[in-house]
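Chemist: My questions will all concern the structure given below.
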Amino acid sequence: MSSAPLLQIQNLHAEVDGKAILRGVDLVLERGQVHAIMGPNGSGKSTLAYILAGKDGYDITDGRILFEGSDLAEMDVETRARAGLFLGFQYPVAIDGVATISFLKEAVNARRAAAGKDKLDAVAFLKQVRAFAAQLSFDESMLKRYINLGFSGGEKKRAEILQMLLLEPTLAVLDETDSGLDVDALKTVATGIESLRSPERAMLLITHYQRLLQHVRPDYVHIMADGNILHSGGPELAQKVEDGGYAEFQQSARTAQTAQA
Amino acid sequence: MSPLAQQTVDAVERLRDERKKYDFFTDIESDKAPKGLNEDIIRFISAKKQEPEWLLEWRLRAYQRWLKMSHPDWARVAHPPIDYQDLYYYAAPKTNVDRPKSLDEVDPELLRTYEKLGIPLAEQEILAGVAVDAVFDSVSVATTFKEKLREVGVIFSSFSEAVQEHPELVRRYLGSVVPYSDNFFATLNSAVFTDGSFVYIPEGVRCPMELSTYFRINEANTGQFERTLIIAEKDSYVSYLEGCTAPQRDENQLHAAVVELVALDDAEIKYSTVQNWYPGDAEGKGGIYNFVTKRGDCRGDRSKISWTQVETGSAITWKYPSCILRGDNSVGEFYSIAIANNHQQIDSGTKMLHLGKNTSSRVISKGISAGKSSNCYRGLVSIHPKAESARNFTQCDSLLIGDSTSAHTTPYIESKNPTALLEHEATTSKVSEEQLFYCRQRGIGEEEAVALIVNGFCREVLQKLPMEFAVEAQQLVGISLEGSIG
């Protein structure tokens with residue numbers, strides 16, 4: 001195992017379709033850690049997630065991101081995924097005609113092929129999928145339905161977590177996985193996320209609210225606004241946001257900026 | 001005169017007669033007729049095949065008709081004019097001498113595709129036209145199958161064989177669905193066709209296996225003017241598979257086949273095609289021109305004809321498998337996947353002609369366009385005045401990949417009976433960046449992602465294919481779209 005941190009984000013500036021969104025983000029994730037990024041709408045949280053995954057139209061203009069010591073900018077989307085980077089989408093897209101089970105199989109086998117392994121035996125694969133589906137209360141009949149097509153908000157998020165469990169990423173970036181979930185679904189999804197927590201992996205939870213963080217307790221919480229991390233701390237920060245909102249952090253950031261100037 | 005001298009005289013006499021008959025041909029034993037098309041060539045083909053007089057006359061009538069016809073210009077395809085005098089109309093199957101000796105002599109590009117399709121070596125050799133003398137598995141399989149068919153009275157043979165052995169059946173049904181005067185290409189085919197397949201399913205028989213031209217692959221080269229005739233007697237059933245997912249080697253640029261299907265009372269014919277002829281290179285050079293006439297006649301009450309096609313090959317595809325719904329309560333179906341990449345041009349669709357009462361038809365067309373290709377669905381649903389309570393459902397979906405391609409939908413509807421119930425749905429969509437990103441984020445490569453998405457788009461049609469075809473067809477969908485992204 002490499003001694004470099006799992007993920008190092010250094011002075012990251014990025015733009016989306018020519019518009020500057022991220023303005024100098026610094027962040028280090030060590031293996032075994034769970035970090036949460038909280039922030040209001042438009043703060044740049046989702047942009048950070050897409051930049052990590054390598055989405056088209058999301059461009060790094062300054063700074064760099066090292067994943068296990070390698071520059072992410074040198075890797076295309078699928079290479080990052082095969083290297084163990086997983087993005088749980090806020091709004092997973094539907095693909096008509098592609099059964100969920102087929103999609104899962106394709107994804108798992110693509111990962112295995114990249115690792116020089118044979119395709120997974122169909123029986124073993126199905127057994128594994130069923131076990132995870134049960135754990136997530138993901139109805140088995142869903143596996144035959146076309147991926148994300150007509151899924152409810154909760155079903156989509158469960159499907160994302162199911163994929164995460166199957167793909168066993170080293171870095172899971174979960175973008176608003178808690179949105180659109182009722183209390184029970186939130187618990188189930190949180191249990192799924194918790195089950196993947198291990199000393200070899202790190203997770204980056206992107207969220208508006210702290211309710212997911214009550215179930216998946218992060219090691220660090222970062223407050224993001226206006227394309228930057230304004231404040232970092234322990235899990236208690238999440239509670240602070242819940243009580244006082246983001247205004248306080250944004251206010252103090254502005255004061256700091258003014259003082260610097 | 002000595003017997004030997006007498007023989008020589010006879011031979012000379014015979015030759016002189018034949019010379020009169022075949023004009024400029026010096027040698028009836030020639031394996032190849034000279035280029036060009038005229039009555040003598042047609043007489044030559046017919047004589048080569050030892051055909052009965054009526055068939056020669058039929059060919060000649062077609063030829064005379066063809067001379068008065070002109071090349072159709074309504075399809076959305078463009079190509080330089082075809083010089084019909086610059087083509088060979090008869091060539092005997094290649095001898096082993098002309099063939100590649102082994103796979104080492106075969107175009108590596110072709111072999112790579114075979115490999116991707118997972119075709120076993122022995123079959124690769126046959127497909128690539130390698131001289132194979134050894135009896136291999138599928139030949140013995142074919143023989144076993146033929147015996148099994150004979151037991152139930154099913155006739156499955158080459159067209160030439162059928163002309164010799166079942167002339168009464170051929171004479172009765174040939175041209176009864178696609179008359180020799182039908183259209184430019186069908187008429188040309190009627191004049192010069194060299195071989196094809198013949199199937200006869202006796203009354204009440206359910207054909208015990210899928211019939212496939214594949215089983216005849218090592219038999220005579222059927223050539224560019226192929227003729228297929230399938231007859232399903234009352235209350236019979238047959239599923240017929242044509243073509244092959246593997247791209248086949250062929251030097252002929254022009255293909256003009258005719259397929260005729262006849263379904264009598266309560267009979268059902270399911271005809272599936274996978275067409276993967278050489279489409280030309282990425283710049284649009286070369287490639288097969290495929291001008292096909294396929295038509296099924298639901299002649300009997302409650303009969304059913306179902307066309308399923310996966311069209312991925314050829315530079316130009318001009319093809320409208322159709323159903324004449326003559327019998328009351330008869331059913332016609334058309335399920336199509338047409339993929340055009342690079343410079344390919346497809347003008348394809350179906351005609352559903354409702355003549356009988358309570359006839360119904362269903363059309364599902366999935367067109368995929370990539371590269372600089374052009375893909376046109378052209379369909380006709382026609383309701384005859386006597387076709388009480390006819391129903392049609394048509395769904396045409398187009399999927400675009402990239403920005404330089406075009407998709408067109410040209411549905412014609414003619415209803416002359418107020419009780420008809422006709423539905424038409426059409427959609428056009430693009431392979432979205434979001435979908436590709438989603439797949440790639442899961443580690444699925446870009447080309448695999450396109451294949452996955454397109455297979456999803458085609459799913460409804462793929463499910464209609466017989467099992468043994470479906471898996472290969474799915475792989476083919478991906479392979480034929482390689483290079484369409486980025």
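Every chain in the structure tokens has a letter given in the order shown (A, B, ...), and although residue numbers restart at 1 in each chain, ligands are simply numbered from 1 in the order shown.
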Which chain B residues have any atom within 7 Å of an atom of chain A, and for each, what is the nearest pair of atoms with distance in Å to one decimal, counting only C-alpha atoms, rows sorted by chain and number, as CSV?
Modeler:
```
residue,atom,partner,partner_atom,distance
B:Glu434,CA,A:Val93,CA,6.7
B:Gln435,CA,A:Val93,CA,6.2
B:Phe437,CA,A:Lys55,CA,6.8
B:Arg440,CA,A:Glu78,CA,4.7
B:Gln441,CA,A:Ala81,CA,5.4
B:Arg442,CA,A:Ala107,CA,5.5
B:Gly443,CA,A:Glu78,CA,4.4
B:Ile444,CA,A:Ala110,CA,5.5
B:Gly445,CA,A:Glu78,CA,6.0
B:Ile453,CA,A:Ile95,CA,6.7
B:Gly456,CA,A:Gly97,CA,3.7
B:Phe457,CA,A:Gly97,CA,5.7
B:Arg459,CA,A:Gly97,CA,5.7
```
Chemist: Take the residues that were just selected and, keeping N, CA and C atoms, output them as a PDB file, in the first residue's frame.
Modeler:
```pdb
ATOM      1  N   GLU B 434     -24.886  12.362 -20.128  1.00  0.00           N
ATOM      2  CA  GLU B 434     -25.138  11.944 -18.749  1.00  0.00           C
ATOM      3  C   GLU B 434     -25.092  10.431 -18.614  1.00  0.00           C
ATOM      4  N   GLN B 435     -25.720   9.746 -19.585  1.00  0.00           N
ATOM      5  CA  GLN B 435     -25.723   8.283 -19.539  1.00  0.00           C
ATOM      6  C   GLN B 435     -24.314   7.729 -19.703  1.00  0.00           C
ATOM      7  N   PHE B 437     -21.491   9.244 -19.028  1.00  0.00           N
ATOM      8  CA  PHE B 437     -20.714   9.568 -17.829  1.00  0.00           C
ATOM      9  C   PHE B 437     -21.051   8.596 -16.698  1.00  0.00           C
ATOM     10  N   ARG B 440     -19.425   5.251 -17.445  1.00  0.00           N
ATOM     11  CA  ARG B 440     -17.968   5.315 -17.326  1.00  0.00           C
ATOM     12  C   ARG B 440     -17.556   5.458 -15.870  1.00  0.00           C
ATOM     13  N   GLN B 441     -18.347   6.181 -15.072  1.00  0.00           N
ATOM     14  CA  GLN B 441     -18.030   6.327 -13.657  1.00  0.00           C
ATOM     15  C   GLN B 441     -18.071   4.976 -12.956  1.00  0.00           C
ATOM     16  N   ARG B 442     -18.795   4.041 -13.541  1.00  0.00           N
ATOM     17  CA  ARG B 442     -18.840   2.700 -12.950  1.00  0.00           C
ATOM     18  C   ARG B 442     -17.736   1.809 -13.511  1.00  0.00           C
ATOM     19  N   GLY B 443     -16.853   2.403 -14.338  1.00  0.00           N
ATOM     20  CA  GLY B 443     -15.723   1.638 -14.867  1.00  0.00           C
ATOM     21  C   GLY B 443     -15.975   1.036 -16.230  1.00  0.00           C
ATOM     22  N   ILE B 444     -17.160   1.287 -16.784  1.00  0.00           N
ATOM     23  CA  ILE B 444     -17.485   0.732 -18.099  1.00  0.00           C
ATOM     24  C   ILE B 444     -16.885   1.651 -19.165  1.00  0.00           C
ATOM     25  N   GLY B 445     -16.066   1.107 -20.037  1.00  0.00           N
ATOM     26  CA  GLY B 445     -15.399   1.911 -21.063  1.00  0.00           C
ATOM     27  C   GLY B 445     -16.403   2.561 -21.995  1.00  0.00           C
ATOM     28  N   ILE B 453     -25.934   1.027 -23.912  1.00  0.00           N
ATOM     29  CA  ILE B 453     -27.068   1.946 -24.067  1.00  0.00           C
ATOM     30  C   ILE B 453     -27.874   1.614 -25.323  1.00  0.00           C
ATOM     31  N   GLY B 456     -29.840  -1.453 -24.935  1.00  0.00           N
ATOM     32  CA  GLY B 456     -31.038  -1.140 -24.160  1.00  0.00           C
ATOM     33  C   GLY B 456     -32.125  -0.553 -25.046  1.00  0.00           C
ATOM     34  N   PHE B 457     -31.695   0.333 -25.925  1.00  0.00           N
ATOM     35  CA  PHE B 457     -32.615   0.985 -26.865  1.00  0.00           C
ATOM     36  C   PHE B 457     -33.285  -0.046 -27.784  1.00  0.00           C
ATOM     37  N   ARG B 459     -33.723  -3.264 -27.098  1.00  0.00           N
ATOM     38  CA  ARG B 459     -34.096  -4.441 -26.342  1.00  0.00           C
ATOM     39  C   ARG B 459     -35.371  -5.134 -26.844  1.00  0.00           C
TER      40      ARG B 459
END
```
Chemist: Counting only C-alpha atoms, what is within 6 Å of Ile206 in chain A, bar same-chain residues fewer than 2 positions away, as a ChimeraX atom specification?
Modeler: /A:36-37,174-176
Chemist: Which parts of range 50-131 of chain A does DSSP call helix (DSSP H, G or I) when run on the backbone here, written out as a PyMOL selection string?
Modeler: chain A and resi 50-53+72-74+77-82+100-114+122-131
Chemist: Find the spatial neighbours of Gln214 in chain A, counting only C-alpha atoms, within a cut-off of 12 Å - ignore same-chain residues fewer than 5 positions away - and output them as an MDAnalysis selection string.
Modeler: chainID A and resid 36 178 183 186:187 190:191 194 209 235:236 238:239 242
Chemist: I need the residues from that last selection saved to file as an mmCIF file, in the first residue's frame (with N, CA and C atoms), if you can.
Modeler:
```
data_model
loop_
_atom_site.group_PDB
_atom_site.id
_atom_site.type_symbol
_atom_site.label_atom_id
_atom_site.label_comp_id
_atom_site.auth_asym_id
_atom_site.auth_seq_id
_atom_site.Cartn_x
_atom_site.Cartn_y
_atom_site.Cartn_z
ATOM 1 N N ALA A 36 -17.006 14.772 5.847
ATOM 2 C CA ALA A 36 -18.271 15.304 5.337
ATOM 3 C C ALA A 36 -18.038 16.728 4.861
ATOM 4 N N ASP A 178 -28.393 11.511 0.966
ATOM 5 C CA ASP A 178 -29.491 11.541 1.935
ATOM 6 C C ASP A 178 -30.716 12.288 1.431
ATOM 7 N N VAL A 183 -37.194 8.656 6.759
ATOM 8 C CA VAL A 183 -36.365 8.288 7.908
ATOM 9 C C VAL A 183 -35.865 6.845 7.838
ATOM 10 N N LEU A 186 -33.350 6.396 5.067
ATOM 11 C CA LEU A 186 -32.092 7.018 5.468
ATOM 12 C C LEU A 186 -31.284 6.078 6.352
ATOM 13 N N LYS A 187 -31.970 5.448 7.287
ATOM 14 C CA LYS A 187 -31.296 4.506 8.194
ATOM 15 C C LYS A 187 -30.682 3.344 7.422
ATOM 16 N N ALA A 190 -27.768 4.500 5.389
ATOM 17 C CA ALA A 190 -26.651 4.793 6.288
ATOM 18 C C ALA A 190 -25.974 3.510 6.753
ATOM 19 N N THR A 191 -26.786 2.488 7.060
ATOM 20 C CA THR A 191 -26.221 1.212 7.482
ATOM 21 C C THR A 191 -25.351 0.639 6.362
ATOM 22 N N GLU A 194 -22.134 2.581 6.292
ATOM 23 C CA GLU A 194 -21.325 2.178 7.456
ATOM 24 C C GLU A 194 -20.635 0.845 7.212
ATOM 25 N N TYR A 209 -27.529 18.590 4.991
ATOM 26 C CA TYR A 209 -28.039 18.479 6.357
ATOM 27 C C TYR A 209 -27.199 17.517 7.161
ATOM 28 N N PRO A 235 -16.996 16.209 14.201
ATOM 29 C CA PRO A 235 -18.421 16.002 13.952
ATOM 30 C C PRO A 235 -19.316 17.058 14.613
ATOM 31 N N GLU A 236 -18.811 17.702 15.635
ATOM 32 C CA GLU A 236 -19.633 18.700 16.328
ATOM 33 C C GLU A 236 -20.003 19.876 15.419
ATOM 34 N N ALA A 238 -21.150 19.716 12.468
ATOM 35 C CA ALA A 238 -22.414 19.401 11.805
ATOM 36 C C ALA A 238 -23.582 19.880 12.655
ATOM 37 N N GLN A 239 -23.473 19.658 13.945
ATOM 38 C CA GLN A 239 -24.532 20.075 14.861
ATOM 39 C C GLN A 239 -24.650 21.594 14.873
ATOM 40 N N GLU A 242 -26.562 22.684 11.945
ATOM 41 C CA GLU A 242 -27.960 22.378 12.139
ATOM 42 C C GLU A 242 -28.630 23.453 13.008
#
```
Chemist: For Glu57 in chain B, find every residue with an atom within 10 Å (counting only C-alpha atoms), except residues of its own chain fewer than 5 positions away, and show them as a ChimeraX atom specification.
Modeler: /B:42-43,46,52,62-63,191
Chemist: Could you write out the selected residues, including N, CA and C atoms, as a tab-separated table (two decimals), in the first residue's frame?
Modeler:
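See part.tsv below for the written result:
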```tsv
chain	number	residue	atom	x	y	z
B	42	ILE	N	-28.92	-15.22	-69.75
B	42	ILE	CA	-30.01	-15.83	-69.00
B	42	ILE	C	-30.22	-17.28	-69.45
B	43	ARG	N	-30.16	-17.51	-70.74
B	43	ARG	CA	-30.26	-18.89	-71.25
B	43	ARG	C	-29.11	-19.74	-70.71
B	46	SER	N	-29.78	-20.62	-67.05
B	46	SER	CA	-30.85	-21.60	-66.97
B	46	SER	C	-30.36	-22.98	-67.42
B	52	PRO	N	-36.21	-26.39	-66.15
B	52	PRO	CA	-37.29	-26.67	-67.10
B	52	PRO	C	-37.59	-25.41	-67.94
B	62	ALA	N	-39.16	-11.78	-67.34
B	62	ALA	CA	-38.68	-10.80	-66.36
B	62	ALA	C	-37.64	-9.89	-67.00
B	63	TYR	N	-36.76	-10.49	-67.77
B	63	TYR	CA	-35.70	-9.70	-68.40
B	63	TYR	C	-36.29	-8.65	-69.34
B	191	ALA	N	-34.83	-12.49	-63.36
B	191	ALA	CA	-34.17	-12.85	-64.61
B	191	ALA	C	-32.89	-13.63	-64.38
```
Chemist: Pick out the closest residue to Leu22 in chain A from this set: A:His35, A:Arg145, A:Arg64, A:Lys45. Count only C-alpha atoms.
Modeler: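 For Leu22 in chain A, the nearest of the candidates is A:Lys45.
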Chemist: Have a look at CA of Ser404 in chain B and CA of Ser432 in chain B and let me know their distance in Å, one decimal.
Modeler: 15.3 Å
Chemist: Can you tell me, as a list in words, what residues are no more than 8 Å from Leu52 in chain A when counting only C-alpha atoms, ignoring any on the same chain fewer than 3 positions away?
Modeler: Leu48, Ala49, Ile65 and Leu72 of chain A
Chemist: Write the selection just made, keeping C-alpha atoms, as a PDB file, in the first residue's frame?
Modeler:
```
ATOM      1  CA  LEU A  48     -16.062  19.104  -6.390  1.00  0.00           C
ATOM      2  CA  ALA A  49     -17.678  15.668  -6.721  1.00  0.00           C
ATOM      3  CA  ILE A  65      -5.688  16.383  -7.165  1.00  0.00           C
ATOM      4  CA  LEU A  72      -6.156  12.540 -11.329  1.00  0.00           C
TER       5      LEU A  72
END
```
Chemist: So which residues touch range 175-183 of chain B within 9 Å, counting only C-alpha atoms, skipping near sequence neighbours fewer than 5 positions away, as a list in words?
Modeler: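 Neighbouring residues, sequence-local ones excluded: Trp58, Arg59, Arg61, Ala62, Tyr63, Arg65, Trp66, Met69, His71, Pro72, Leu188, Asn189, Ser190, Ala191, Val258, Val259, Glu260, Leu261, Val262, Thr293, Lys294, Arg295, Gly296, Asp297 and Ile324 of chain B.
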Chemist: Write the residues of the preceding selection, restricted to N, CA and C atoms, as a PDB file, in the first residue's frame.
Modeler:
```pdb
ATOM      1  N   TRP B  58     -39.949 -17.796 -67.827  1.00  0.00           N
ATOM      2  CA  TRP B  58     -40.264 -16.844 -66.743  1.00  0.00           C
ATOM      3  C   TRP B  58     -39.125 -15.839 -66.577  1.00  0.00           C
ATOM      4  N   ARG B  59     -37.901 -16.358 -66.588  1.00  0.00           N
ATOM      5  CA  ARG B  59     -36.719 -15.497 -66.487  1.00  0.00           C
ATOM      6  C   ARG B  59     -36.686 -14.500 -67.648  1.00  0.00           C
ATOM      7  N   ARG B  61     -39.154 -13.444 -69.536  1.00  0.00           N
ATOM      8  CA  ARG B  61     -40.223 -12.440 -69.413  1.00  0.00           C
ATOM      9  C   ARG B  61     -39.787 -11.338 -68.446  1.00  0.00           C
ATOM     10  N   ALA B  62     -39.163 -11.779 -67.341  1.00  0.00           N
ATOM     11  CA  ALA B  62     -38.680 -10.804 -66.359  1.00  0.00           C
ATOM     12  C   ALA B  62     -37.643  -9.887 -67.002  1.00  0.00           C
ATOM     13  N   TYR B  63     -36.758 -10.495 -67.765  1.00  0.00           N
ATOM     14  CA  TYR B  63     -35.701  -9.699 -68.397  1.00  0.00           C
ATOM     15  C   TYR B  63     -36.293  -8.652 -69.341  1.00  0.00           C
ATOM     16  N   ARG B  65     -39.174  -7.358 -69.237  1.00  0.00           N
ATOM     17  CA  ARG B  65     -39.821  -6.362 -68.411  1.00  0.00           C
ATOM     18  C   ARG B  65     -38.790  -5.385 -67.824  1.00  0.00           C
ATOM     19  N   TRP B  66     -37.718  -5.978 -67.338  1.00  0.00           N
ATOM     20  CA  TRP B  66     -36.667  -5.184 -66.673  1.00  0.00           C
ATOM     21  C   TRP B  66     -36.086  -4.128 -67.621  1.00  0.00           C
ATOM     22  N   MET B  69     -37.813  -0.990 -67.427  1.00  0.00           N
ATOM     23  CA  MET B  69     -37.929  -0.339 -66.109  1.00  0.00           C
ATOM     24  C   MET B  69     -36.738   0.578 -65.868  1.00  0.00           C
ATOM     25  N   HIS B  71     -34.270   2.505 -62.744  1.00  0.00           N
ATOM     26  CA  HIS B  71     -33.773   2.447 -61.371  1.00  0.00           C
ATOM     27  C   HIS B  71     -34.631   3.360 -60.486  1.00  0.00           C
ATOM     28  N   PRO B  72     -35.145   2.860 -59.367  1.00  0.00           N
ATOM     29  CA  PRO B  72     -35.986   3.719 -58.524  1.00  0.00           C
ATOM     30  C   PRO B  72     -35.165   4.854 -57.918  1.00  0.00           C
ATOM     31  N   LEU B 188     -34.974  -7.801 -61.878  1.00  0.00           N
ATOM     32  CA  LEU B 188     -33.608  -8.207 -62.243  1.00  0.00           C
ATOM     33  C   LEU B 188     -33.287  -9.559 -61.629  1.00  0.00           C
ATOM     34  N   ASN B 189     -33.616  -9.703 -60.347  1.00  0.00           N
ATOM     35  CA  ASN B 189     -33.375 -10.970 -59.655  1.00  0.00           C
ATOM     36  C   ASN B 189     -34.105 -12.106 -60.370  1.00  0.00           C
ATOM     37  N   SER B 190     -35.365 -11.884 -60.747  1.00  0.00           N
ATOM     38  CA  SER B 190     -36.163 -12.931 -61.391  1.00  0.00           C
ATOM     39  C   SER B 190     -35.489 -13.406 -62.686  1.00  0.00           C
ATOM     40  N   ALA B 191     -34.829 -12.495 -63.357  1.00  0.00           N
ATOM     41  CA  ALA B 191     -34.173 -12.847 -64.614  1.00  0.00           C
ATOM     42  C   ALA B 191     -32.888 -13.628 -64.385  1.00  0.00           C
ATOM     43  N   VAL B 258     -34.405 -11.767 -53.420  1.00  0.00           N
ATOM     44  CA  VAL B 258     -35.858 -11.771 -53.282  1.00  0.00           C
ATOM     45  C   VAL B 258     -36.229 -12.890 -52.317  1.00  0.00           C
ATOM     46  N   VAL B 259     -37.090 -12.567 -51.369  1.00  0.00           N
ATOM     47  CA  VAL B 259     -37.592 -13.579 -50.441  1.00  0.00           C
ATOM     48  C   VAL B 259     -39.113 -13.563 -50.513  1.00  0.00           C
ATOM     49  N   GLU B 260     -39.692 -14.734 -50.728  1.00  0.00           N
ATOM     50  CA  GLU B 260     -41.154 -14.842 -50.760  1.00  0.00           C
ATOM     51  C   GLU B 260     -41.601 -15.822 -49.674  1.00  0.00           C
ATOM     52  N   LEU B 261     -42.586 -15.409 -48.899  1.00  0.00           N
ATOM     53  CA  LEU B 261     -43.138 -16.282 -47.865  1.00  0.00           C
ATOM     54  C   LEU B 261     -44.631 -16.468 -48.132  1.00  0.00           C
ATOM     55  N   VAL B 262     -45.088 -17.703 -47.987  1.00  0.00           N
ATOM     56  CA  VAL B 262     -46.513 -17.968 -48.137  1.00  0.00           C
ATOM     57  C   VAL B 262     -46.998 -18.706 -46.896  1.00  0.00           C
ATOM     58  N   THR B 293     -35.845  -7.411 -51.888  1.00  0.00           N
ATOM     59  CA  THR B 293     -37.302  -7.403 -51.847  1.00  0.00           C
ATOM     60  C   THR B 293     -37.755  -8.607 -51.023  1.00  0.00           C
ATOM     61  N   LYS B 294     -38.377  -8.330 -49.891  1.00  0.00           N
ATOM     62  CA  LYS B 294     -38.852  -9.407 -49.033  1.00  0.00           C
ATOM     63  C   LYS B 294     -40.331  -9.187 -48.776  1.00  0.00           C
ATOM     64  N   ARG B 295     -41.103 -10.211 -49.017  1.00  0.00           N
ATOM     65  CA  ARG B 295     -42.539 -10.037 -48.815  1.00  0.00           C
ATOM     66  C   ARG B 295     -43.164 -11.352 -48.360  1.00  0.00           C
ATOM     67  N   GLY B 296     -44.084 -11.227 -47.444  1.00  0.00           N
ATOM     68  CA  GLY B 296     -44.784 -12.405 -46.967  1.00  0.00           C
ATOM     69  C   GLY B 296     -46.266 -12.272 -47.276  1.00  0.00           C
ATOM     70  N   ASP B 297     -46.864 -13.371 -47.654  1.00  0.00           N
ATOM     71  CA  ASP B 297     -48.285 -13.361 -47.978  1.00  0.00           C
ATOM     72  C   ASP B 297     -49.025 -14.212 -46.949  1.00  0.00           C
ATOM     73  N   ILE B 324     -48.579  -9.062 -46.702  1.00  0.00           N
ATOM     74  CA  ILE B 324     -49.894  -8.912 -47.325  1.00  0.00           C
ATOM     75  C   ILE B 324     -50.867  -9.680 -46.436  1.00  0.00           C
TER      76      ILE B 324
END
```
Chemist: If we count only C-alpha atoms, what is near Ser158 in chain B at a cut-off of 8 Å, once residues fewer than 4 positions away on the same chain are taken out, given as JSON, numbers by chain?
Modeler: {"B": [162, 195, 196, 197, 198]}
Chemist: Hey, can you spit out that residue selection with N, CA and C atoms as a PDB file, in the first residue's frame?
Modeler:
```
ATOM      1  N   ALA B 162     -34.486 -27.698 -55.347  1.00  0.00           N
ATOM      2  CA  ALA B 162     -35.949 -27.726 -55.320  1.00  0.00           C
ATOM      3  C   ALA B 162     -36.518 -27.686 -56.734  1.00  0.00           C
ATOM      4  N   ASP B 195     -29.184 -18.887 -57.097  1.00  0.00           N
ATOM      5  CA  ASP B 195     -29.579 -19.915 -56.136  1.00  0.00           C
ATOM      6  C   ASP B 195     -30.176 -19.260 -54.907  1.00  0.00           C
ATOM      7  N   GLY B 196     -30.443 -20.060 -53.893  1.00  0.00           N
ATOM      8  CA  GLY B 196     -31.067 -19.549 -52.687  1.00  0.00           C
ATOM      9  C   GLY B 196     -31.598 -20.720 -51.895  1.00  0.00           C
ATOM     10  N   SER B 197     -32.622 -20.474 -51.109  1.00  0.00           N
ATOM     11  CA  SER B 197     -33.148 -21.531 -50.250  1.00  0.00           C
ATOM     12  C   SER B 197     -34.611 -21.798 -50.550  1.00  0.00           C
ATOM     13  N   PHE B 198     -34.992 -23.038 -50.289  1.00  0.00           N
ATOM     14  CA  PHE B 198     -36.380 -23.432 -50.469  1.00  0.00           C
ATOM     15  C   PHE B 198     -36.835 -24.198 -49.231  1.00  0.00           C
TER      16      PHE B 198
END
```
Chemist: So the first atom is CA of Phe334 in chain B and the second is CA of Ser306 in chain B; what is the distance between them in Å, to one decimal place?
Modeler: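 That distance, rounded to one decimal, is 6.0 Å.
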Chemist: To one decimal place in Å, what is the distance between CA of Gly349 in chain B and CA of Ala426 in chain B?
Modeler: 13.5 Å
Chemist: Quick one: pick out all strand (DSSP E) residues within range 75-165 of chain A from a backbone DSSP run and write them as a PDB file with N, CA and C atoms, in the first residue's frame.
Modeler:
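The result, written out as states_0.pdb:
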```
ATOM      1  N   LEU A  85     -12.327   4.798  -7.462  1.00  0.00           N
ATOM      2  CA  LEU A  85     -13.066   6.014  -7.109  1.00  0.00           C
ATOM      3  C   LEU A  85     -14.528   5.836  -7.510  1.00  0.00           C
ATOM      4  N   PHE A  86     -15.405   5.983  -6.537  1.00  0.00           N
ATOM      5  CA  PHE A  86     -16.829   5.800  -6.801  1.00  0.00           C
ATOM      6  C   PHE A  86     -17.580   7.089  -6.485  1.00  0.00           C
ATOM      7  N   LEU A  87     -18.459   7.467  -7.401  1.00  0.00           N
ATOM      8  CA  LEU A  87     -19.312   8.627  -7.146  1.00  0.00           C
ATOM      9  C   LEU A  87     -20.759   8.164  -7.028  1.00  0.00           C
ATOM     10  N   GLY A  88     -21.349   8.416  -5.864  1.00  0.00           N
ATOM     11  CA  GLY A  88     -22.776   8.163  -5.708  1.00  0.00           C
ATOM     12  C   GLY A  88     -23.496   9.416  -6.169  1.00  0.00           C
TER      13      GLY A  88
END
```
